[in-house]
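**Student:** Sharing protein.cif (mmCIF, C-alpha atoms) below.
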```cif
data_protein
loop_
_atom_site.label_atom_id
_atom_site.label_comp_id
_atom_site.auth_asym_id
_atom_site.auth_seq_id
_atom_site.Cartn_x
_atom_site.Cartn_y
_atom_site.Cartn_z
CA MET A 1 -20.74 -42.51 31.09
CA THR A 2 -22.45 -39.54 29.54
CA THR A 3 -21.64 -38.07 26.18
CA ALA A 4 -20.04 -35.03 27.85
CA GLU A 5 -17.61 -37.28 29.72
CA THR A 6 -16.45 -39.13 26.57
CA THR A 7 -16.15 -36.16 24.22
CA ALA A 8 -12.75 -34.48 24.03
CA PRO A 9 -12.70 -30.68 24.36
CA VAL A 10 -12.68 -28.77 21.08
CA GLN A 11 -9.36 -27.11 20.34
CA THR A 12 -9.02 -24.11 18.09
CA VAL A 13 -5.90 -23.91 15.95
CA LYS A 14 -4.71 -20.41 15.05
CA ALA A 15 -3.10 -19.96 11.67
CA TYR A 16 -0.64 -17.09 11.86
CA LEU A 17 0.52 -15.10 8.88
CA ARG A 18 4.04 -15.99 7.71
CA PRO A 19 6.35 -14.06 10.07
CA ILE A 20 9.15 -11.71 9.10
CA ASP A 21 12.69 -11.90 10.49
CA ALA A 22 12.40 -10.05 13.84
CA GLN A 23 16.19 -9.92 14.30
CA GLY A 24 16.69 -8.57 10.79
CA LEU A 25 13.99 -5.96 11.44
CA ALA A 26 15.73 -4.92 14.68
CA ALA A 27 19.08 -4.59 12.85
CA PHE A 28 17.41 -2.52 10.10
CA ALA A 29 15.83 -0.27 12.77
CA GLU A 30 19.22 0.15 14.47
CA LYS A 31 20.76 1.13 11.13
CA GLY A 32 18.03 3.80 10.74
CA ARG A 33 18.67 5.14 14.25
CA GLY A 34 22.38 5.32 13.44
CA ASN A 35 21.86 7.16 10.15
CA PRO A 36 18.44 8.87 10.08
CA ALA A 37 19.31 10.76 6.86
CA SER A 38 19.88 7.57 4.83
CA ARG A 39 17.88 7.20 1.62
CA GLY A 40 17.39 4.53 -0.98
CA THR A 41 16.30 4.94 -4.59
CA ASN A 42 13.47 3.05 -6.28
CA LYS A 43 13.78 2.73 -10.04
CA VAL A 44 11.09 1.84 -12.57
CA HIS A 45 11.29 1.75 -16.39
CA THR A 46 7.91 2.20 -18.10
CA VAL A 47 7.35 1.36 -21.77
CA MET A 48 4.13 2.29 -23.60
CA GLU A 49 2.66 -0.53 -25.70
CA GLY A 50 -0.10 1.47 -27.34
CA GLN A 51 -3.45 3.03 -26.57
CA TYR A 52 -3.10 3.43 -22.79
CA ARG A 53 -1.47 0.09 -21.98
CA SER A 54 2.04 0.29 -20.53
CA LEU A 55 4.54 -2.07 -18.95
CA SER A 56 6.60 -0.98 -15.97
CA TYR A 57 9.74 -2.94 -15.23
CA VAL A 58 11.12 -3.10 -11.70
CA GLY A 59 14.35 -5.02 -11.25
CA ASN A 60 14.07 -8.60 -12.49
CA HIS A 61 10.34 -8.90 -11.71
CA ALA A 62 7.56 -9.48 -14.20
CA ALA A 63 6.29 -6.26 -15.72
CA VAL A 64 3.58 -4.35 -13.91
CA VAL A 65 0.87 -3.81 -16.52
CA VAL A 66 -1.14 -0.59 -16.44
CA ASP A 67 -4.14 0.27 -18.62
CA GLU A 68 -7.20 2.47 -18.51
CA PRO A 69 -10.81 1.29 -18.40
CA LEU A 70 -12.98 1.29 -21.51
CA HIS A 71 -14.78 4.51 -20.55
CA LEU A 72 -11.38 6.26 -20.59
CA PHE A 73 -10.49 4.79 -24.00
CA GLY A 74 -8.24 2.03 -22.69
CA GLN A 75 -8.62 -1.71 -23.19
CA ASP A 76 -9.28 -2.48 -19.48
CA THR A 77 -6.63 -5.25 -19.55
CA ALA A 78 -5.04 -4.19 -16.27
CA PRO A 79 -5.49 -1.80 -13.34
CA ALA A 80 -5.53 1.93 -14.04
CA PRO A 81 -2.64 4.13 -12.86
CA GLY A 82 -4.60 5.42 -9.85
CA GLU A 83 -5.43 1.86 -8.84
CA ILE A 84 -1.74 0.99 -9.02
CA VAL A 85 -0.99 3.96 -6.75
CA LEU A 86 -3.58 2.71 -4.25
CA SER A 87 -2.04 -0.78 -4.53
CA GLY A 88 1.33 0.68 -3.62
CA LEU A 89 -0.21 2.44 -0.63
CA GLY A 90 -1.96 -0.76 0.47
CA GLY A 91 1.25 -2.73 0.14
CA CYS A 92 3.25 -0.16 2.09
CA LEU A 93 0.69 -0.05 4.90
CA ALA A 94 0.62 -3.87 5.03
CA VAL A 95 4.43 -3.96 5.32
CA GLY A 96 4.35 -1.31 8.05
CA ILE A 97 1.60 -3.00 10.05
CA THR A 98 3.45 -6.31 9.83
CA ALA A 99 6.72 -4.68 10.92
CA VAL A 100 5.16 -2.81 13.85
CA ALA A 101 3.29 -5.94 14.97
CA THR A 102 6.55 -7.90 14.83
CA TRP A 103 8.35 -5.18 16.82
CA LYS A 104 5.58 -5.28 19.45
CA GLN A 105 5.67 -9.11 19.43
CA VAL A 106 2.06 -9.40 18.23
CA LYS A 107 1.36 -12.35 15.94
CA LEU A 108 -1.16 -11.55 13.21
CA THR A 109 -3.71 -14.04 11.91
CA LYS A 110 -5.33 -11.77 9.30
CA LEU A 111 -4.46 -8.53 7.56
CA GLU A 112 -6.55 -7.09 4.75
CA ILE A 113 -6.59 -3.48 3.58
CA PHE A 114 -9.44 -1.91 1.63
CA LEU A 115 -8.64 1.34 -0.19
CA GLU A 116 -10.79 3.84 -2.06
CA GLY A 117 -9.65 7.04 -3.71
CA ASP A 118 -11.74 9.79 -5.27
CA ILE A 119 -10.03 10.93 -8.45
CA GLY A 120 -11.16 12.91 -11.44
CA ASN A 121 -9.70 13.80 -14.80
CA PRO A 122 -11.67 16.78 -16.11
CA ALA A 123 -8.54 18.12 -17.83
CA ALA A 124 -8.39 14.90 -19.94
CA TRP A 125 -4.71 14.48 -19.00
CA GLY A 126 -4.13 18.02 -20.26
CA ALA A 127 -5.45 17.17 -23.73
CA ASP A 128 -7.78 20.19 -24.02
CA GLY A 129 -10.20 19.28 -21.22
CA ALA A 130 -10.82 21.57 -18.25
CA LEU A 131 -7.43 23.26 -18.63
CA GLN A 132 -8.23 25.92 -16.03
CA LYS A 133 -7.75 23.28 -13.33
CA GLN A 134 -4.74 23.72 -11.03
CA PRO A 135 -2.52 20.84 -9.79
CA LEU A 136 -4.11 20.80 -6.31
CA GLU A 137 -7.52 20.26 -7.95
CA MET A 138 -6.35 17.22 -9.90
CA GLY A 139 -5.34 13.78 -8.74
CA PHE A 140 -6.72 12.08 -5.68
CA GLN A 141 -8.97 14.41 -3.73
CA ALA A 142 -9.69 11.94 -0.92
CA ILE A 143 -8.43 8.51 0.08
CA ARG A 144 -10.15 6.19 2.53
CA VAL A 145 -8.45 3.15 4.03
CA LYS A 146 -10.05 0.44 6.15
CA VAL A 147 -7.86 -2.16 7.81
CA LEU A 148 -9.11 -5.60 8.82
CA VAL A 149 -6.51 -6.95 11.23
CA GLU A 150 -6.67 -9.82 13.69
CA GLY A 151 -4.04 -11.27 15.96
CA ASP A 152 -2.89 -11.90 19.49
CA ALA A 153 -3.77 -8.44 20.80
CA SER A 154 -6.80 -6.40 21.79
CA ARG A 155 -8.64 -4.30 19.24
CA GLU A 156 -7.17 -1.19 20.91
CA GLU A 157 -3.60 -2.48 20.60
CA LEU A 158 -4.19 -3.51 16.98
CA ASP A 159 -5.50 0.01 16.27
CA LYS A 160 -2.35 1.51 17.84
CA ILE A 161 -0.24 -0.71 15.58
CA VAL A 162 -2.19 0.41 12.49
CA GLN A 163 -1.97 4.10 13.44
CA HIS A 164 1.76 3.84 14.17
CA ALA A 165 2.39 2.14 10.81
CA ASN A 166 0.31 4.80 9.04
CA PHE A 167 2.30 7.62 10.67
CA TYR A 168 5.61 6.13 9.45
CA SER A 169 4.48 4.79 6.05
CA PRO A 170 6.79 6.14 3.31
CA VAL A 171 4.09 5.85 0.64
CA ALA A 172 1.32 7.35 2.81
CA ASN A 173 3.61 10.24 3.70
CA THR A 174 4.54 10.73 0.04
CA MET A 175 0.84 11.07 -0.75
CA ARG A 176 0.12 13.35 2.21
CA ASN A 177 3.05 15.70 1.82
CA PRO A 178 4.24 17.78 -1.12
CA ILE A 179 7.65 16.65 -2.40
CA PRO A 180 10.10 18.02 -4.96
CA PHE A 181 9.10 16.60 -8.34
CA GLU A 182 10.84 17.11 -11.64
CA ILE A 183 10.22 15.76 -15.11
CA SER A 184 12.40 16.23 -18.20
CA LEU A 185 13.26 14.60 -21.50
CA ALA A 186 15.76 11.73 -21.26
CA ASP A 187 19.21 12.24 -22.75
#
```
How would this structure read if it were set down as structure tokens?

**Tutor:**
Amino acid sequence: MTTAETTAPVQTVKAYLRPIDAQGLAAFAEKGRGNPASRGTNKVHTVMEGQYRSLSYVGNHAAVVVDEPLHLFGQDTAPAPGEIVLSGLGGCLAVGITAVATWKQVKLTKLEIFLEGDIGNPAAWGADGALQKQPLEMGFQAIRVKVLVEGDASREELDKIVQHANFYSPVANTMRNPIPFEISLAD
């Protein structure tokens, strides 16, 4: 016998990402079709600790810590506010891609999202910096997202899933589209 005859074929084992409840997703989608005007409300309570470090409380979860880097006079103990915004966008896109893949019966083996946003603060948060700046000139001026996704589908199908999820992403659409925004002193 030769070595080729006695060696068992190599088998590759795919490790899929933990799946979501496809039936629950379908029921949630049906609920949305039945009431397209439905809305939920997200609530966050933010408490300033000092300098630029704050704690944001969401439900019963551990506080989300926000700080500024040293060059912006923070302590650099946590992500900056803009980085938290990008984290929210990345999380929303990841949820959407996972949901669309589940709907299309595509099992994913890898999903990573890389985000970059160009942001400036020449007005120094309004503290006597470049005060001639207008709202459209402040905040993120460009955001770039790269998605690394692998699964049981062609690259073209995976791209369609990503683009579909992007189109329907609540956070991406919040960032792309102007929305009513109000701020006032608490009672």

**Student:** Using the chain letters and residue numbers of this document, give as a VMD selection string the residues selected by the PyMOL selection byres ((chain A and resi 69) around 12).

**Tutor:** chain A and resid 51 to 53 66 to 68 70 to 83

**Student:** Please write the residues picked by the PyMOL selection byres ((chain A and resi 112-123) around 9) on this file as a ChimeraX atom specification.

**Tutor:** /A:82-83,86-87,89-91,93-94,110-111,124-133,137-149

**Student:** Which value, in Å to one decimal, gives the distance between atom CA of A:Ala37 and atom CA of A:Ile183?

**Tutor:**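 Computing the Euclidean distance for atom CA of A:Ala37 and atom CA of A:Ile183 yields 24.3 Å.
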
**Student:** Exactly which residues make up the result of the PyMOL selection byres ((chain A and resi 58) around 7) on this file, given as a PyMOL selection string?

**Tutor:** chain A and resi 43-45+56-57+59-61

**Student:** Give me, please, the distance in Å between atom CA of A:Glu157 and atom CA of A:Gly34, quoted to one decimal.

**Tutor:**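 Interatomic distance, atom CA of A:Glu157 to atom CA of A:Gly34: 28.1 Å.
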
**Student:** For stretch 8-35 of chain A against stretch 96-104 of chain A, with a cut-off of 9 Å and counting all atoms listed in the file, what is the closest atom pair and its distance in Å to one decimal for every residue that makes the cut, ordered by chain and number, as JSON lines?

**Tutor:**
```
{"residue": "A:Pro19", "atom": "CA", "partner": "A:Thr102", "partner_atom": "CA", "distance": 7.8}
{"residue": "A:Ile20", "atom": "CA", "partner": "A:Thr102", "partner_atom": "CA", "distance": 7.4}
{"residue": "A:Asp21", "atom": "CA", "partner": "A:Thr102", "partner_atom": "CA", "distance": 8.5}
{"residue": "A:Ala22", "atom": "CA", "partner": "A:Thr102", "partner_atom": "CA", "distance": 6.3}
{"residue": "A:Leu25", "atom": "CA", "partner": "A:Ala99", "partner_atom": "CA", "distance": 7.4}
{"residue": "A:Ala26", "atom": "CA", "partner": "A:Trp103", "partner_atom": "CA", "distance": 7.7}
```

**Student:** Have a look at atom CA of A:Tyr168 and atom CA of A:Val95 and let me know their distance in Å, one decimal.

**Tutor:**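 Value for the atom CA of A:Tyr168-atom CA of A:Val95 distance: 11.0 Å.
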
**Student:** Out of A:Leu136, A:Cys92, A:Gly50, A:Ala186, which residue has the shortest atom-to-atom distance to A:Val162 when counting all atoms listed in the file?

**Tutor:** A:Cys92

**Student:** Counting only C-alpha atoms, which of A:Thr109, A:Ser154, A:Asn42, A:Thr7 gets nearest to A:Val171?

**Tutor:**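 Distance minimum relative to A:Val171 lands on A:Asn42.
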
**Student:** Which polymer residues, whether protein, DNA or RNA, lie within 8 Å of the coordinate (1.1, 6.9, 0.9) when you count only C-alpha atoms? List them as an mmCIF file with C-alpha atoms, keeping the file's coordinate frame, using the chain letters and numbers from the file.

**Tutor:**
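Saved to point09.cif:
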```cif
data_model
loop_
_atom_site.group_PDB
_atom_site.id
_atom_site.type_symbol
_atom_site.label_atom_id
_atom_site.label_comp_id
_atom_site.auth_asym_id
_atom_site.auth_seq_id
_atom_site.Cartn_x
_atom_site.Cartn_y
_atom_site.Cartn_z
ATOM 1 C CA GLY A 88 1.330 0.680 -3.620
ATOM 2 C CA LEU A 89 -0.210 2.440 -0.630
ATOM 3 C CA CYS A 92 3.250 -0.160 2.090
ATOM 4 C CA SER A 169 4.480 4.790 6.050
ATOM 5 C CA PRO A 170 6.790 6.140 3.310
ATOM 6 C CA VAL A 171 4.090 5.850 0.640
ATOM 7 C CA ALA A 172 1.320 7.350 2.810
ATOM 8 C CA ASN A 173 3.610 10.240 3.700
ATOM 9 C CA THR A 174 4.540 10.730 0.040
ATOM 10 C CA MET A 175 0.840 11.070 -0.750
ATOM 11 C CA ARG A 176 0.120 13.350 2.210
#
```

**Student:** How would stretch 66-77 of chain A look with all heavy atoms restored, written as a compact mmCIF listing (two decimals), in the coordinates of the input?

**Tutor:**
```txt
# COMPACT_ATOMS: atom_id res chain seq x y z
N VAL A 66 -0.22 -1.68 -16.77
CA VAL A 66 -1.14 -0.59 -16.44
C VAL A 66 -1.96 -0.29 -17.69
O VAL A 66 -1.44 -0.29 -18.80
CB VAL A 66 -0.37 0.67 -15.98
CG1 VAL A 66 -1.33 1.82 -15.70
CG2 VAL A 66 0.48 0.37 -14.76
N ASP A 67 -3.24 -0.06 -17.51
CA ASP A 67 -4.14 0.27 -18.62
C ASP A 67 -5.20 1.22 -18.08
O ASP A 67 -5.21 1.55 -16.89
CB ASP A 67 -4.77 -1.01 -19.17
CG ASP A 67 -5.32 -0.87 -20.59
OD1 ASP A 67 -5.36 0.25 -21.12
OD2 ASP A 67 -5.73 -1.90 -21.16
N GLU A 68 -6.05 1.66 -18.91
CA GLU A 68 -7.20 2.47 -18.51
C GLU A 68 -8.47 1.69 -18.83
O GLU A 68 -8.47 0.83 -19.73
CB GLU A 68 -7.22 3.81 -19.27
CG GLU A 68 -6.15 4.78 -18.85
CD GLU A 68 -6.40 5.47 -17.52
OE1 GLU A 68 -7.39 5.17 -16.83
OE2 GLU A 68 -5.57 6.33 -17.16
N PRO A 69 -9.55 1.97 -18.11
CA PRO A 69 -10.81 1.29 -18.40
C PRO A 69 -11.39 1.74 -19.74
O PRO A 69 -10.95 2.75 -20.32
CB PRO A 69 -11.72 1.69 -17.24
CG PRO A 69 -11.13 2.95 -16.71
CD PRO A 69 -9.65 2.89 -16.99
N LEU A 70 -12.36 1.00 -20.22
CA LEU A 70 -12.98 1.29 -21.51
C LEU A 70 -13.53 2.71 -21.59
O LEU A 70 -13.37 3.39 -22.61
CB LEU A 70 -14.08 0.27 -21.82
CG LEU A 70 -13.61 -1.19 -21.96
CD1 LEU A 70 -14.82 -2.12 -22.10
CD2 LEU A 70 -12.66 -1.34 -23.13
N HIS A 71 -14.17 3.17 -20.50
CA HIS A 71 -14.78 4.51 -20.55
C HIS A 71 -13.74 5.63 -20.64
O HIS A 71 -14.07 6.76 -20.94
CB HIS A 71 -15.75 4.73 -19.38
CG HIS A 71 -15.09 4.97 -18.06
ND1 HIS A 71 -14.64 3.95 -17.26
CD2 HIS A 71 -14.81 6.13 -17.42
CE1 HIS A 71 -14.10 4.46 -16.17
NE2 HIS A 71 -14.20 5.78 -16.24
N LEU A 72 -12.46 5.29 -20.42
CA LEU A 72 -11.38 6.26 -20.59
C LEU A 72 -10.52 5.92 -21.80
O LEU A 72 -9.38 6.33 -21.90
CB LEU A 72 -10.52 6.34 -19.32
CG LEU A 72 -11.23 6.92 -18.09
CD1 LEU A 72 -10.31 6.88 -16.88
CD2 LEU A 72 -11.70 8.34 -18.36
N PHE A 73 -11.09 5.12 -22.71
CA PHE A 73 -10.49 4.79 -24.00
C PHE A 73 -9.34 3.80 -23.92
O PHE A 73 -8.56 3.68 -24.85
CB PHE A 73 -10.06 6.07 -24.75
CG PHE A 73 -11.08 7.15 -24.65
CD1 PHE A 73 -10.85 8.27 -23.88
CD2 PHE A 73 -12.30 7.02 -25.29
CE1 PHE A 73 -11.81 9.25 -23.75
CE2 PHE A 73 -13.27 8.00 -25.18
CZ PHE A 73 -13.03 9.11 -24.40
N GLY A 74 -9.23 3.09 -22.81
CA GLY A 74 -8.24 2.03 -22.69
C GLY A 74 -8.87 0.70 -23.09
O GLY A 74 -10.01 0.65 -23.57
N GLN A 75 -8.12 -0.37 -22.87
CA GLN A 75 -8.62 -1.71 -23.19
C GLN A 75 -9.09 -2.45 -21.95
O GLN A 75 -9.60 -3.56 -22.05
CB GLN A 75 -7.51 -2.51 -23.87
CG GLN A 75 -7.06 -1.92 -25.17
CD GLN A 75 -5.78 -2.59 -25.67
OE1 GLN A 75 -4.91 -2.95 -24.90
NE2 GLN A 75 -5.70 -2.77 -26.97
N ASP A 76 -8.90 -1.88 -20.76
CA ASP A 76 -9.28 -2.48 -19.48
C ASP A 76 -8.64 -3.86 -19.30
O ASP A 76 -9.25 -4.78 -18.81
CB ASP A 76 -10.81 -2.57 -19.36
CG ASP A 76 -11.25 -2.71 -17.92
OD1 ASP A 76 -10.47 -2.35 -17.01
OD2 ASP A 76 -12.37 -3.20 -17.68
N THR A 77 -7.36 -3.98 -19.69
CA THR A 77 -6.63 -5.25 -19.55
C THR A 77 -5.86 -5.33 -18.25
O THR A 77 -5.29 -6.39 -17.94
CB THR A 77 -5.63 -5.43 -20.71
OG1 THR A 77 -4.67 -4.36 -20.66
CG2 THR A 77 -6.34 -5.45 -22.05
```
